[in-house]
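Structure data follow from coords10.pdb (PDB, C-alpha atoms):
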ATOM      1  CA  MET D  12     -15.438 -30.735   7.048
ATOM      2  CA  THR D  13     -13.306 -27.625   7.541
ATOM      3  CA  MET D  14     -12.089 -25.601   4.577
ATOM      4  CA  ASN D  15      -8.431 -24.913   3.995
ATOM      5  CA  VAL D  16      -7.088 -21.436   4.608
ATOM      6  CA  PRO D  17      -7.275 -19.386   1.373
ATOM      7  CA  LYS D  18      -4.038 -19.092  -0.582
ATOM      8  CA  VAL D  19      -4.625 -15.565  -1.924
ATOM      9  CA  VAL D  20      -6.816 -12.572  -1.079
ATOM     10  CA  VAL D  21      -8.255 -10.596  -3.989
ATOM     11  CA  PHE D  22      -9.321  -7.004  -3.291
ATOM     12  CA  ASP D  23     -11.606  -4.741  -5.219
ATOM     13  CA  LEU D  24     -10.119  -1.228  -5.140
ATOM     14  CA  GLY D  25     -12.932   1.339  -5.027
ATOM     15  CA  LYS D  26     -15.018   1.344  -1.830
ATOM     16  CA  VAL D  27     -12.824  -1.451  -0.408
ATOM     17  CA  LEU D  28      -9.298   0.007  -0.248
ATOM     18  CA  VAL D  29     -10.099   3.575  -1.303
ATOM     19  CA  ASP D  30     -13.290   5.541  -1.073
ATOM     20  CA  PHE D  31     -14.209   7.805  -3.996
ATOM     21  CA  ASP D  32     -16.814  10.373  -4.930
ATOM     22  CA  TYR D  33     -17.213  11.803  -8.435
ATOM     23  CA  ARG D  34     -19.007  14.793  -6.936
ATOM     24  CA  ILE D  35     -15.581  16.021  -5.779
ATOM     25  CA  ALA D  36     -14.415  16.155  -9.400
ATOM     26  CA  ALA D  37     -17.707  17.601 -10.613
ATOM     27  CA  ALA D  38     -17.463  20.427  -8.077
ATOM     28  CA  LYS D  39     -14.093  21.424  -9.553
ATOM     29  CA  ILE D  40     -15.172  21.129 -13.179
ATOM     30  CA  ALA D  41     -18.729  22.537 -13.093
ATOM     31  CA  PRO D  42     -17.762  26.193 -12.451
ATOM     32  CA  ARG D  43     -15.890  26.160 -15.784
ATOM     33  CA  ALA D  44     -18.427  24.037 -17.673
ATOM     34  CA  LYS D  45     -21.771  24.586 -19.402
ATOM     35  CA  LEU D  46     -23.578  21.906 -17.372
ATOM     36  CA  THR D  47     -24.773  21.780 -13.778
ATOM     37  CA  LEU D  48     -22.718  20.005 -11.136
ATOM     38  CA  GLU D  49     -25.004  16.959 -11.245
ATOM     39  CA  GLN D  50     -24.920  16.842 -15.048
ATOM     40  CA  VAL D  51     -21.121  16.975 -14.975
ATOM     41  CA  ARG D  52     -20.989  14.139 -12.444
ATOM     42  CA  HIS D  53     -23.326  12.047 -14.597
ATOM     43  CA  ALA D  54     -21.205  12.707 -17.689
ATOM     44  CA  MET D  55     -18.175  11.301 -15.885
ATOM     45  CA  ASP D  56     -19.494   8.284 -13.987
ATOM     46  CA  HIS D  57     -22.725   7.196 -15.696
ATOM     47  CA  SER D  58     -22.146   7.799 -19.384
ATOM     48  CA  PRO D  59     -21.128   5.173 -21.975
ATOM     49  CA  LEU D  60     -17.814   7.025 -22.188
ATOM     50  CA  LEU D  61     -16.701   5.661 -18.810
ATOM     51  CA  TYR D  62     -17.501   2.085 -19.822
ATOM     52  CA  ARG D  63     -15.457   2.487 -22.999
ATOM     53  CA  PHE D  64     -12.624   4.086 -21.025
ATOM     54  CA  GLU D  65     -12.543   1.396 -18.359
ATOM     55  CA  THR D  66     -12.541  -1.430 -20.904
ATOM     56  CA  GLY D  67      -9.544   0.035 -22.696
ATOM     57  CA  LEU D  68     -11.428   1.251 -25.768
ATOM     58  CA  MET D  69     -10.367   4.880 -25.235
ATOM     59  CA  THR D  70      -7.019   6.392 -24.313
ATOM     60  CA  ASN D  71      -6.703   8.792 -21.396
ATOM     61  CA  GLU D  72      -6.605  11.730 -23.799
ATOM     62  CA  GLU D  73      -9.558  10.540 -25.887
ATOM     63  CA  PHE D  74     -11.684  10.199 -22.765
ATOM     64  CA  ALA D  75     -10.654  13.606 -21.439
ATOM     65  CA  VAL D  76     -11.308  15.362 -24.744
ATOM     66  CA  GLU D  77     -14.745  13.788 -25.152
ATOM     67  CA  VAL D  78     -15.891  14.474 -21.582
ATOM     68  CA  CYS D  79     -14.626  18.059 -21.790
ATOM     69  CA  ALA D  80     -16.588  18.496 -25.009
ATOM     70  CA  VAL D  81     -19.758  17.026 -23.504
ATOM     71  CA  CYS D  82     -19.455  19.254 -20.422
ATOM     72  CA  GLY D  83     -18.276  22.345 -22.249
ATOM     73  CA  PHE D  84     -15.284  22.504 -19.893
ATOM     74  CA  SER D  85     -13.112  25.542 -20.646
ATOM     75  CA  GLY D  86      -9.977  24.287 -18.886
ATOM     76  CA  THR D  87      -7.101  22.250 -20.270
ATOM     77  CA  VAL D  88      -6.933  18.475 -20.570
ATOM     78  CA  GLY D  89      -4.339  18.505 -17.796
ATOM     79  CA  GLU D  90      -6.698  20.390 -15.514
ATOM     80  CA  PHE D  91      -9.411  17.871 -16.311
ATOM     81  CA  TYR D  92      -7.112  14.959 -15.427
ATOM     82  CA  GLU D  93      -6.252  16.546 -12.088
ATOM     83  CA  ALA D  94      -9.896  17.104 -11.170
ATOM     84  CA  PHE D  95     -11.087  13.733 -12.484
ATOM     85  CA  ALA D  96      -8.480  11.709 -10.586
ATOM     86  CA  ASP D  97      -8.373  13.525  -7.255
ATOM     87  CA  ILE D  98     -11.495  11.889  -5.810
ATOM     88  CA  PHE D  99      -9.968   9.164  -3.631
ATOM     89  CA  SER D 100      -9.248   8.695   0.065
ATOM     90  CA  GLU D 101      -7.692   5.692   1.786
ATOM     91  CA  ILE D 102      -9.780   3.258   3.853
ATOM     92  CA  GLN D 103      -7.128   2.824   6.511
ATOM     93  CA  PRO D 104      -8.351  -0.325   8.346
ATOM     94  CA  MET D 105      -8.461  -2.262   5.074
ATOM     95  CA  ILE D 106      -5.027  -1.036   4.026
ATOM     96  CA  ALA D 107      -3.609  -2.033   7.414
ATOM     97  CA  MET D 108      -5.236  -5.439   7.098
ATOM     98  CA  GLN D 109      -3.720  -5.981   3.648
ATOM     99  CA  GLY D 110      -0.359  -4.989   5.089
ATOM    100  CA  ALA D 111      -0.734  -7.650   7.777
ATOM    101  CA  LEU D 112      -1.546 -10.289   5.168
ATOM    102  CA  ARG D 113       1.522  -9.305   3.183
ATOM    103  CA  ALA D 114       3.728  -9.329   6.276
ATOM    104  CA  ASN D 115       2.511 -12.854   6.994
ATOM    105  CA  GLY D 116       3.282 -14.112   3.489
ATOM    106  CA  ILE D 117      -0.245 -14.181   2.043
ATOM    107  CA  PRO D 118      -0.307 -13.029  -1.611
ATOM    108  CA  THR D 119      -2.754 -10.237  -2.425
ATOM    109  CA  CYS D 120      -4.226  -8.961  -5.671
ATOM    110  CA  ILE D 121      -6.044  -5.791  -6.742
ATOM    111  CA  PHE D 122      -8.969  -6.587  -9.076
ATOM    112  CA  SER D 123     -10.690  -3.442 -10.292
ATOM    113  CA  ASN D 124     -12.948  -1.889 -12.882
ATOM    114  CA  THR D 125     -10.884   1.251 -13.401
ATOM    115  CA  ASN D 126      -8.944   3.437 -15.811
ATOM    116  CA  GLY D 127      -5.463   4.706 -16.450
ATOM    117  CA  VAL D 128      -6.034   8.206 -15.082
ATOM    118  CA  ALA D 129      -7.311   6.904 -11.738
ATOM    119  CA  ILE D 130      -4.584   4.282 -11.417
ATOM    120  CA  GLY D 131      -1.859   6.783 -12.262
ATOM    121  CA  HIS D 132      -3.129   9.108  -9.550
ATOM    122  CA  ILE D 133      -3.498   6.348  -6.941
ATOM    123  CA  ARG D 134      -0.036   4.991  -7.713
ATOM    124  CA  ARG D 135       1.512   8.443  -7.211
ATOM    125  CA  ARG D 136      -0.557   9.467  -4.198
ATOM    126  CA  PHE D 137      -0.955   6.317  -2.088
ATOM    127  CA  PRO D 138       2.114   4.179  -1.260
ATOM    128  CA  PHE D 139      -0.007   1.156  -0.265
ATOM    129  CA  PHE D 140      -0.830   0.542  -3.928
ATOM    130  CA  ALA D 141       2.687  -0.742  -4.608
ATOM    131  CA  ASN D 142       2.344  -3.495  -1.998
ATOM    132  CA  PHE D 143       0.355  -6.088  -3.943
ATOM    133  CA  ASP D 144       1.555  -9.157  -5.790
ATOM    134  CA  HIS D 145      -0.856  -8.867  -8.726
ATOM    135  CA  TYR D 146      -2.987  -6.228 -10.456
ATOM    136  CA  ILE D 147      -5.916  -7.118 -12.699
ATOM    137  CA  LEU D 148      -7.315  -3.868 -14.072
ATOM    138  CA  SER D 149     -10.252  -3.699 -16.467
ATOM    139  CA  TYR D 150      -8.751  -1.196 -18.888
ATOM    140  CA  GLU D 151      -5.680  -3.430 -19.338
ATOM    141  CA  ILE D 152      -7.682  -6.658 -19.755
ATOM    142  CA  GLY D 153     -10.377  -5.214 -22.040
ATOM    143  CA  ALA D 154     -13.259  -6.467 -19.893
ATOM    144  CA  MET D 155     -15.090  -5.347 -16.761
ATOM    145  CA  LYS D 156     -16.502  -7.261 -13.828
ATOM    146  CA  PRO D 157     -18.715  -9.281 -13.839
ATOM    147  CA  ASP D 158     -17.512 -10.512 -17.274
ATOM    148  CA  ALA D 159     -16.054 -14.012 -16.817
ATOM    149  CA  LYS D 160     -13.012 -13.039 -18.921
ATOM    150  CA  ILE D 161     -11.581 -10.804 -16.226
ATOM    151  CA  TYR D 162     -12.101 -13.381 -13.449
ATOM    152  CA  ALA D 163     -10.181 -15.897 -15.561
ATOM    153  CA  ALA D 164      -7.374 -13.332 -15.791
ATOM    154  CA  VAL D 165      -7.221 -13.224 -11.988
ATOM    155  CA  GLU D 166      -6.911 -17.002 -11.796
ATOM    156  CA  ARG D 167      -4.087 -17.018 -14.331
ATOM    157  CA  ALA D 168      -2.240 -14.249 -12.500
ATOM    158  CA  VAL D 169      -2.497 -15.702  -9.000
ATOM    159  CA  GLY D 170      -2.109 -19.334 -10.066
ATOM    160  CA  GLN D 171      -5.094 -20.426  -7.980
ATOM    161  CA  THR D 172      -8.729 -21.364  -8.523
ATOM    162  CA  GLY D 173     -11.810 -22.203  -6.495
ATOM    163  CA  GLU D 174     -11.788 -21.929  -2.714
ATOM    164  CA  ALA D 175      -8.065 -21.101  -2.662
ATOM    165  CA  ILE D 176      -9.164 -17.559  -3.603
ATOM    166  CA  VAL D 177     -11.063 -15.254  -1.268
ATOM    167  CA  TYR D 178     -12.469 -12.144  -2.913
ATOM    168  CA  LEU D 179     -13.653  -8.853  -1.383
ATOM    169  CA  ASP D 180     -15.951  -6.504  -3.321
ATOM    170  CA  ASP D 181     -18.673  -4.022  -2.455
ATOM    171  CA  ARG D 182     -20.958  -4.958  -5.374
ATOM    172  CA  ALA D 183     -23.125  -8.072  -5.206
ATOM    173  CA  GLU D 184     -23.013  -8.763  -8.944
ATOM    174  CA  ASN D 185     -19.218  -8.796  -8.877
ATOM    175  CA  ILE D 186     -19.167 -11.097  -5.859
ATOM    176  CA  GLN D 187     -21.500 -13.459  -7.706
ATOM    177  CA  GLY D 188     -19.012 -13.644 -10.556
ATOM    178  CA  GLY D 189     -16.455 -15.012  -8.099
ATOM    179  CA  LEU D 190     -18.883 -17.396  -6.421
ATOM    180  CA  ASP D 191     -19.786 -18.783  -9.852
ATOM    181  CA  ARG D 192     -16.145 -19.859 -10.207
ATOM    182  CA  GLY D 193     -16.033 -21.497  -6.774
ATOM    183  CA  TRP D 194     -14.180 -18.667  -5.077
ATOM    184  CA  ARG D 195     -14.884 -17.744  -1.496
ATOM    185  CA  ALA D 196     -16.191 -14.214  -1.427
ATOM    186  CA  ILE D 197     -17.217 -11.513   1.029
ATOM    187  CA  LEU D 198     -19.582  -8.697   0.116
ATOM    188  CA  HIS D 199     -17.700  -5.811   1.703
ATOM    189  CA  GLU D 200     -19.788  -3.393   3.729
ATOM    190  CA  THR D 201     -17.447  -2.218   6.481
ATOM    191  CA  PRO D 202     -13.972  -3.156   7.728
ATOM    192  CA  ALA D 203     -15.606  -4.127  11.039
ATOM    193  CA  LYS D 204     -17.475  -6.905   9.219
ATOM    194  CA  THR D 205     -14.924  -7.941   6.615
ATOM    195  CA  ILE D 206     -11.817  -8.284   8.783
ATOM    196  CA  PRO D 207     -13.381 -10.727  11.300
ATOM    197  CA  ALA D 208     -14.802 -12.751   8.400
ATOM    198  CA  LEU D 209     -11.292 -13.195   7.011
ATOM    199  CA  ARG D 210      -9.986 -14.074  10.466
ATOM    200  CA  GLN D 211     -12.603 -16.821  10.702
ATOM    201  CA  MET D 212     -11.154 -18.296   7.507
ATOM    202  CA  GLY D 213      -7.803 -18.612   9.313
ATOM    203  CA  LEU D 214      -6.127 -15.661   7.626
ATOM    204  CA  PRO D 215      -3.564 -13.573   9.575
ATOM    205  CA  VAL D 216      -5.266 -10.169   9.371
ATOM    206  CA  SER D 217      -3.443  -8.358  12.169
ATOM    207  CA  ALA D 218       0.191  -7.337  12.431
ATOM    208  CA  ASN D 219       0.839  -9.678  15.358
ATOM    209  CA  SER D 220      -0.725 -12.742  13.731
TER     210      SER D 220
END
Before anything else, please render the file you have as structure tokens.
Amino acid sequence: MTMNVPKVVVFDLGKVLVDFDYRIAAAKIAPRAKLTLEQVRHAMDHSPLLYRFETGLMTNEEFAVEVCAVCGFSGTVGEFYEAFADIFSEIQPMIAMQGALRANGIPTCIFSNTNGVAIGHIRRRFPFFANFDHYILSYEIGAMKPDAKIYAAVERAVGQTGEAIVYLDDRAENIQGGLDRGWRAILHETPAKTIPALRQMGLPVSANS
């Protein structure tokens, strides 16, 4: 029995549509901080503060003030925001593929564990971000993948469930959260693997589809 073509494609953001590296931010902050570069990076991306920030329990300013205090950063909150957010670069083949889906009438959704500072920067810097039908962002929902609550929010937003949804993410535990709900899912490693996998599902992933 052949499966139907998916009705919607759900994209993780980081490492799928944009690459990121907190070491870029740490390299800007560390020279004006009391910690080493690696300690600054850890304070930003491995501390409980980031979890609280990305589940909406801290405002942008609260997060910035606390991280600056932990790091001993001597700059302003605005300077921290600029350094913290400017860590992204586009993954062009995936962005082009999403554009082809959109051009062919396939709804797309961004589904991300993220925060308001990052999203504000990406929205200003990268035009592709505006070209999605739905956005499910952890800090707005109050839950992070792989919590079932945020997957349910995707289903409500896109109006689909089960195999009608195909989901792309670079983390196995997040993919499993989709599979547990009957979604089709692809563990994203490279565009060269992901794009043909979507094509095999019958999706129009090139501009001339």
Open item on the list: Quick check on the file I pasted: which residues fall under the PyMOL selection byres ((chain D and resi 148) around 12)? Write them as JSON, numbers by chain.
Closed with: {"D": [22, 23, 24, 25, 64, 65, 66, 67, 120, 121, 122, 123, 124, 125, 126, 127, 129, 130, 145, 146, 147, 149, 150, 151, 152, 153, 154, 155, 156, 160, 161, 162, 164, 165, 168]}
TODO: Starting from the displayed file, determine the output of the PyMOL selection byres ((chain D and resi 128) around 12) and express the residue list as a ChimeraX atom specification.
DONE: /D:61,64-65,67,69-75,88-89,91-98,125-127,129-135,150
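Restricting the calculation to all atoms listed in the file, the smallest distance between Ile35 in chain D and any of D:Arg52, D:Ala159, D:Gly83, D:Thr47 is found for D:Arg52.
Reported to one decimal place, the separation of CA of Gly110 in chain D from CA of Leu214 in chain D is 12.4 Å.
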Open item on the list: Could you list, as a ChimeraX atom specification, every residue matched by the PyMOL selection byres ((chain D and resi 192) around 12) in this structure?
Closed with: /D:157-163,165-166,171-178,185-191,193-196
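Near Phe139 in chain D, within 10 Å and counting only C-alpha atoms, sit D:Leu28, D:Glu101, D:Gln103, D:Ile106, D:Ala107, D:Gln109, D:Gly110, D:Ile133, D:Arg134, D:Arg136, D:Asn142, D:Phe143; same-chain residues fewer than 3 positions away were not included.
Counting all atoms listed in the file and comparing D:Lys204, D:Arg113, D:Arg34, D:Arg182, the residue that lies closest to Val51 in chain D is D:Arg34.
In this model, the gap between CA of Met105 in chain D and CA of Ala38 in chain D comes to 27.7 Å.
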